[in-house]
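Engineer: I am attaching a structure below and will ask some questions about it afterwards.
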Amino acid sequence: MKLQARRAARISDPGAEFVDRVTELWRRYDRVVLGALGALVVVAAGGYYALKTRGTQEDQAAGLLAEAQVMFWQGDYPQAMERAKRVFDQFPATTSGHDAHRLMGDSQYWSGNFKGAIAEYRKYLALQKSGVLAGAARRSLAYAYESAGQYSDAAPVYLSLVGTFDRESSAEFLLAAARCDQQLHRGAEATQSLRRLLDEFGDTPQAGEARVLMGELAAR
């Protein structure tokens, strides 16, 4: 029966016309609706698979990074570096892949390769800009700069870390910045850092060293 005939036969039924309209719309657009639903299913399945894959990769990366950390704390820096490299080469998009650069930097630093350590710390900080571990990496970067004789790079990093950790660490950073400025023959800047140390952190063990260094600067 055609749509017009059904409407005439069911004129007394208030819902008949609505049902007919829905039926006709479904006939017109059923492929579009089914296609949209199919697309949603594909997207959902793809998202689930991606999350599952990322989780599996992170587990594998974390296990390999844990091995590297054990080697590092045992003092086997070559093996720690070999495993850390495998982590960021094989799993670059994972959190452990990012953290492997920091561990590589630590291993390079304690192996005496300060230039290599600087490069790895900078790679890590390009990926991880905030948080406790990022602060620790900046501190390590500053020490690596100073150890490599790059005093002009080390001083501002030290100063940026004041207030990030505990009071003794802040005092140490100011003292280190002053050491770097002293190496660069920037007496005024060094004295400024030392005075801040004594004013804000005068109760820390670093205060005694600061007074000695101030005396040396004043004698010049």
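In the structure tokens, chains take the letters A, B, ... in the order shown, each chain's residues start at 1, and ligands count up from 1 in the order shown.
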Using only C-alpha atoms, which residues sit within 10 Å of Tyr145 in chain A once same-chain residues fewer than 3 positions away are excluded, as a list of chain:residue names?
Structural biologist: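 My reading of the contact set: A:Phe114, A:Lys115, A:Ala117, A:Ile118, A:Arg139, A:Ser140, A:Leu141, A:Ala142, A:Ala148, A:Gly149, A:Gln150, A:Tyr151, A:Ser152, A:Asp153, A:Ala154, A:Ala155, A:Val157, A:Cys180.
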Engineer: Could the residues in this selection be written to a file with all heavy atoms, as a compact mmCIF listing (two decimals), in the first residue's frame?
Structural biologist:
```txt
# COMPACT_ATOMS: atom_id res chain seq x y z
N PHE A 114 80.71 15.46 30.59
CA PHE A 114 79.78 16.53 30.94
C PHE A 114 79.04 17.08 29.72
O PHE A 114 77.87 17.45 29.82
CB PHE A 114 80.53 17.64 31.67
CG PHE A 114 81.28 17.16 32.88
CD1 PHE A 114 82.65 17.36 33.01
CD2 PHE A 114 80.61 16.48 33.89
CE1 PHE A 114 83.33 16.90 34.12
CE2 PHE A 114 81.30 16.01 35.01
CZ PHE A 114 82.66 16.21 35.12
N LYS A 115 79.72 17.13 28.59
CA LYS A 115 79.06 17.61 27.37
C LYS A 115 77.91 16.68 26.98
O LYS A 115 76.82 17.12 26.59
CB LYS A 115 80.06 17.69 26.22
CG LYS A 115 81.22 18.65 26.44
CD LYS A 115 80.79 20.09 26.27
CE LYS A 115 81.99 21.02 26.31
NZ LYS A 115 81.62 22.44 26.13
N ALA A 117 76.28 14.74 29.02
CA ALA A 117 75.24 14.88 30.03
C ALA A 117 74.37 16.10 29.74
O ALA A 117 73.13 16.03 29.83
CB ALA A 117 75.87 15.01 31.42
N ILE A 118 74.99 17.20 29.36
CA ILE A 118 74.25 18.42 29.03
C ILE A 118 73.26 18.15 27.91
O ILE A 118 72.09 18.54 27.98
CB ILE A 118 75.22 19.55 28.64
CG1 ILE A 118 76.01 20.03 29.87
CG2 ILE A 118 74.48 20.72 28.00
CD1 ILE A 118 77.19 20.92 29.55
N ARG A 139 68.62 21.03 37.92
CA ARG A 139 69.73 21.08 38.87
C ARG A 139 70.94 20.32 38.33
O ARG A 139 72.08 20.82 38.37
CB ARG A 139 69.30 20.48 40.21
CG ARG A 139 70.42 20.39 41.24
CD ARG A 139 69.88 19.90 42.58
NE ARG A 139 69.21 18.61 42.46
CZ ARG A 139 68.47 18.06 43.42
NH1 ARG A 139 68.28 18.69 44.56
NH2 ARG A 139 67.91 16.88 43.24
N SER A 140 70.69 19.13 37.79
CA SER A 140 71.78 18.33 37.22
C SER A 140 72.39 19.04 36.02
O SER A 140 73.61 18.99 35.82
CB SER A 140 71.25 16.95 36.81
OG SER A 140 70.78 16.23 37.93
N LEU A 141 71.54 19.69 35.23
CA LEU A 141 72.05 20.44 34.08
C LEU A 141 72.98 21.56 34.53
O LEU A 141 74.04 21.79 33.91
CB LEU A 141 70.87 21.01 33.28
CG LEU A 141 71.22 21.92 32.09
CD1 LEU A 141 72.03 21.16 31.05
CD2 LEU A 141 69.96 22.50 31.48
N ALA A 142 72.60 22.27 35.59
CA ALA A 142 73.44 23.35 36.10
C ALA A 142 74.80 22.82 36.57
O ALA A 142 75.86 23.41 36.26
CB ALA A 142 72.73 24.06 37.26
N ALA A 148 81.57 21.45 33.16
CA ALA A 148 82.12 21.58 31.81
C ALA A 148 82.80 22.93 31.59
O ALA A 148 83.33 23.19 30.51
CB ALA A 148 81.02 21.38 30.77
N GLY A 149 82.77 23.81 32.60
CA GLY A 149 83.38 25.12 32.47
C GLY A 149 82.51 26.13 31.75
O GLY A 149 82.97 27.21 31.38
N GLN A 150 81.21 25.79 31.58
CA GLN A 150 80.28 26.70 30.91
C GLN A 150 79.57 27.55 31.98
O GLN A 150 78.37 27.43 32.22
CB GLN A 150 79.27 25.92 30.07
CG GLN A 150 79.91 25.15 28.92
CD GLN A 150 78.91 24.36 28.10
OE1 GLN A 150 79.17 23.24 27.69
NE2 GLN A 150 77.74 24.92 27.84
N TYR A 151 80.35 28.41 32.60
CA TYR A 151 79.86 29.15 33.76
C TYR A 151 78.74 30.13 33.42
O TYR A 151 77.81 30.32 34.22
CB TYR A 151 81.02 29.91 34.42
CG TYR A 151 82.17 29.01 34.80
CD1 TYR A 151 83.42 29.14 34.20
CD2 TYR A 151 82.00 28.00 35.76
CE1 TYR A 151 84.48 28.31 34.55
CE2 TYR A 151 83.05 27.16 36.11
CZ TYR A 151 84.28 27.31 35.49
OH TYR A 151 85.31 26.48 35.83
N SER A 152 78.81 30.71 32.24
CA SER A 152 77.76 31.67 31.87
C SER A 152 76.42 30.98 31.63
O SER A 152 75.37 31.61 31.73
CB SER A 152 78.17 32.44 30.61
OG SER A 152 78.38 31.56 29.53
N ASP A 153 76.45 29.69 31.32
CA ASP A 153 75.21 28.92 31.18
C ASP A 153 74.73 28.42 32.54
O ASP A 153 73.52 28.32 32.78
CB ASP A 153 75.42 27.72 30.24
CG ASP A 153 75.67 28.13 28.81
OD1 ASP A 153 74.93 29.01 28.31
OD2 ASP A 153 76.60 27.59 28.18
N ALA A 154 75.67 28.07 33.39
CA ALA A 154 75.31 27.48 34.69
C ALA A 154 74.68 28.49 35.64
O ALA A 154 73.68 28.18 36.31
CB ALA A 154 76.56 26.88 35.34
N ALA A 155 75.23 29.70 35.72
CA ALA A 155 74.77 30.68 36.71
C ALA A 155 73.27 30.96 36.64
O ALA A 155 72.57 30.89 37.67
CB ALA A 155 75.57 31.97 36.57
N VAL A 157 70.86 29.17 35.46
CA VAL A 157 70.08 27.98 35.82
C VAL A 157 70.07 27.81 37.33
O VAL A 157 69.03 27.52 37.93
CB VAL A 157 70.63 26.72 35.12
CG1 VAL A 157 69.79 25.49 35.51
CG2 VAL A 157 70.61 26.89 33.61
N CYS A 180 80.27 30.61 39.90
CA CYS A 180 80.32 30.77 38.45
C CYS A 180 80.64 32.22 38.07
O CYS A 180 81.47 32.48 37.18
CB CYS A 180 79.00 30.34 37.82
SG CYS A 180 78.68 28.56 37.95
```
Engineer: At a cut-off of 7 Å, using only C-alpha atoms, what residues contact range 67-81 of chain A? Leave out same-chain residues fewer than 2 positions from it and give the result as a PyMOL selection string.
Structural biologist: chain A and resi 63-65+83-85+104+107+111
Engineer: Return the single residue from A:Leu174, A:Asp181, A:Thr164, A:Leu133 that is closest to Leu194 in chain A, with distances computed using only C-alpha atoms.
Structural biologist: A:Leu174
Engineer: Tell me which of A:Lys129, A:Arg122, A:Arg138, A:Arg220 sits closest to Leu159 in chain A, counting only C-alpha atoms.
Structural biologist: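 Nearest candidate to Leu159 in chain A out of A:Lys129, A:Arg122, A:Arg138, A:Arg220: A:Arg138.
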Engineer: Please, what distance in Å, to one decimal, runs between CA of Tyr124 in chain A and CA of Ala100 in chain A?
Structural biologist: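 Result for CA of Tyr124 in chain A versus CA of Ala100 in chain A: 8.1 Å, one decimal.
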Engineer: List the spatial neighbours of range 210-218 of chain A as a list in words - criterion: any atom at most 8 Å away, only C-alpha atoms, same-chain residues fewer than 3 positions off excluded.
Structural biologist: Leu175, Gly187, Thr191, Leu194, Leu197, Leu198, Gln206 and Ala207 of chain A
Engineer: Mind the document's chain letters and residue numbers, and return as an MDAnalysis selection string the residues of range 32-193 of chain A that DSSP labels helix (DSSP H, G or I).
Structural biologist: chainID A and resid 32:73 77:90 95:110 114:127 132:147 151:160 167:183 187:193
Engineer: Provide the CA of Glu58 in chain A to CA of Ala93 in chain A distance in Å, to one decimal place.
Structural biologist: 8.9 Å
Engineer: Which residues are near Asp99 in chain A? Cut-off 10 Å, only C-alpha atoms, ignore same chain within fewer than 2 positions. Put them as a ChimeraX atom specification.
Structural biologist: /A:62,65,84,87-88,92,94-97,101-105,121,123-125,127-128,133-134,137
Engineer: Those residues you just picked out, can you put them in a file as a PDB file, in the first residue's frame with C-alpha atoms?
Structural biologist:
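Heads up, here's the output in selection-v4.pdb:
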```
ATOM      1  CA  ALA A  62      59.330   0.839  32.254  1.00  0.00           C
ATOM      2  CA  LEU A  65      64.285   1.511  32.315  1.00  0.00           C
ATOM      3  CA  ALA A  84      68.671   3.759  28.576  1.00  0.00           C
ATOM      4  CA  VAL A  87      64.441   2.677  25.973  1.00  0.00           C
ATOM      5  CA  PHE A  88      64.342   6.031  24.161  1.00  0.00           C
ATOM      6  CA  PRO A  92      60.355   7.409  22.293  1.00  0.00           C
ATOM      7  CA  THR A  94      56.411   6.872  26.366  1.00  0.00           C
ATOM      8  CA  THR A  95      57.001   8.498  29.750  1.00  0.00           C
ATOM      9  CA  SER A  96      59.811   6.024  30.410  1.00  0.00           C
ATOM     10  CA  GLY A  97      61.262   6.874  27.007  1.00  0.00           C
ATOM     11  CA  HIS A 101      67.233  10.759  28.634  1.00  0.00           C
ATOM     12  CA  ARG A 102      67.563  11.955  32.226  1.00  0.00           C
ATOM     13  CA  LEU A 103      69.096   8.647  33.320  1.00  0.00           C
ATOM     14  CA  MET A 104      71.425   8.763  30.325  1.00  0.00           C
ATOM     15  CA  GLY A 105      72.448  12.255  31.416  1.00  0.00           C
ATOM     16  CA  TYR A 121      69.408  16.760  30.138  1.00  0.00           C
ATOM     17  CA  LYS A 123      66.582  16.569  25.513  1.00  0.00           C
ATOM     18  CA  TYR A 124      64.720  15.496  28.626  1.00  0.00           C
ATOM     19  CA  LEU A 125      63.725  19.055  29.547  1.00  0.00           C
ATOM     20  CA  LEU A 127      59.985  16.834  26.662  1.00  0.00           C
ATOM     21  CA  GLN A 128      59.299  17.377  30.379  1.00  0.00           C
ATOM     22  CA  LEU A 133      61.815  15.401  38.020  1.00  0.00           C
ATOM     23  CA  ALA A 134      62.119  18.355  35.671  1.00  0.00           C
ATOM     24  CA  ALA A 137      67.065  17.602  35.776  1.00  0.00           C
TER      25      ALA A 137
END
```
Engineer: Let me make sure I understand: among A:Gly208, A:Pro156, A:Gly135, A:Gly112, which one has the smallest atom-to-atom distance to Ala177 in chain A if we use only C-alpha atoms?
Structural biologist: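 Going through A:Gly208, A:Pro156, A:Gly135, A:Gly112 one by one, the smallest distance to Ala177 in chain A is for A:Pro156.
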Engineer: Given only C-alpha atoms as the basis, pick out the residue of A:Ser170, A:Ser193, A:Ser160, A:Asn113 nearest to Ser147 in chain A.
Structural biologist: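 For Ser147 in chain A, the nearest of the given residues is A:Asn113.
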Engineer: Using only C-alpha atoms, which residue out of A:Pro205, A:Val162, A:Glu146, A:Ala136 lies closest to Gln182 in chain A?
Structural biologist: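 The closest residue to Gln182 in chain A is A:Glu146.
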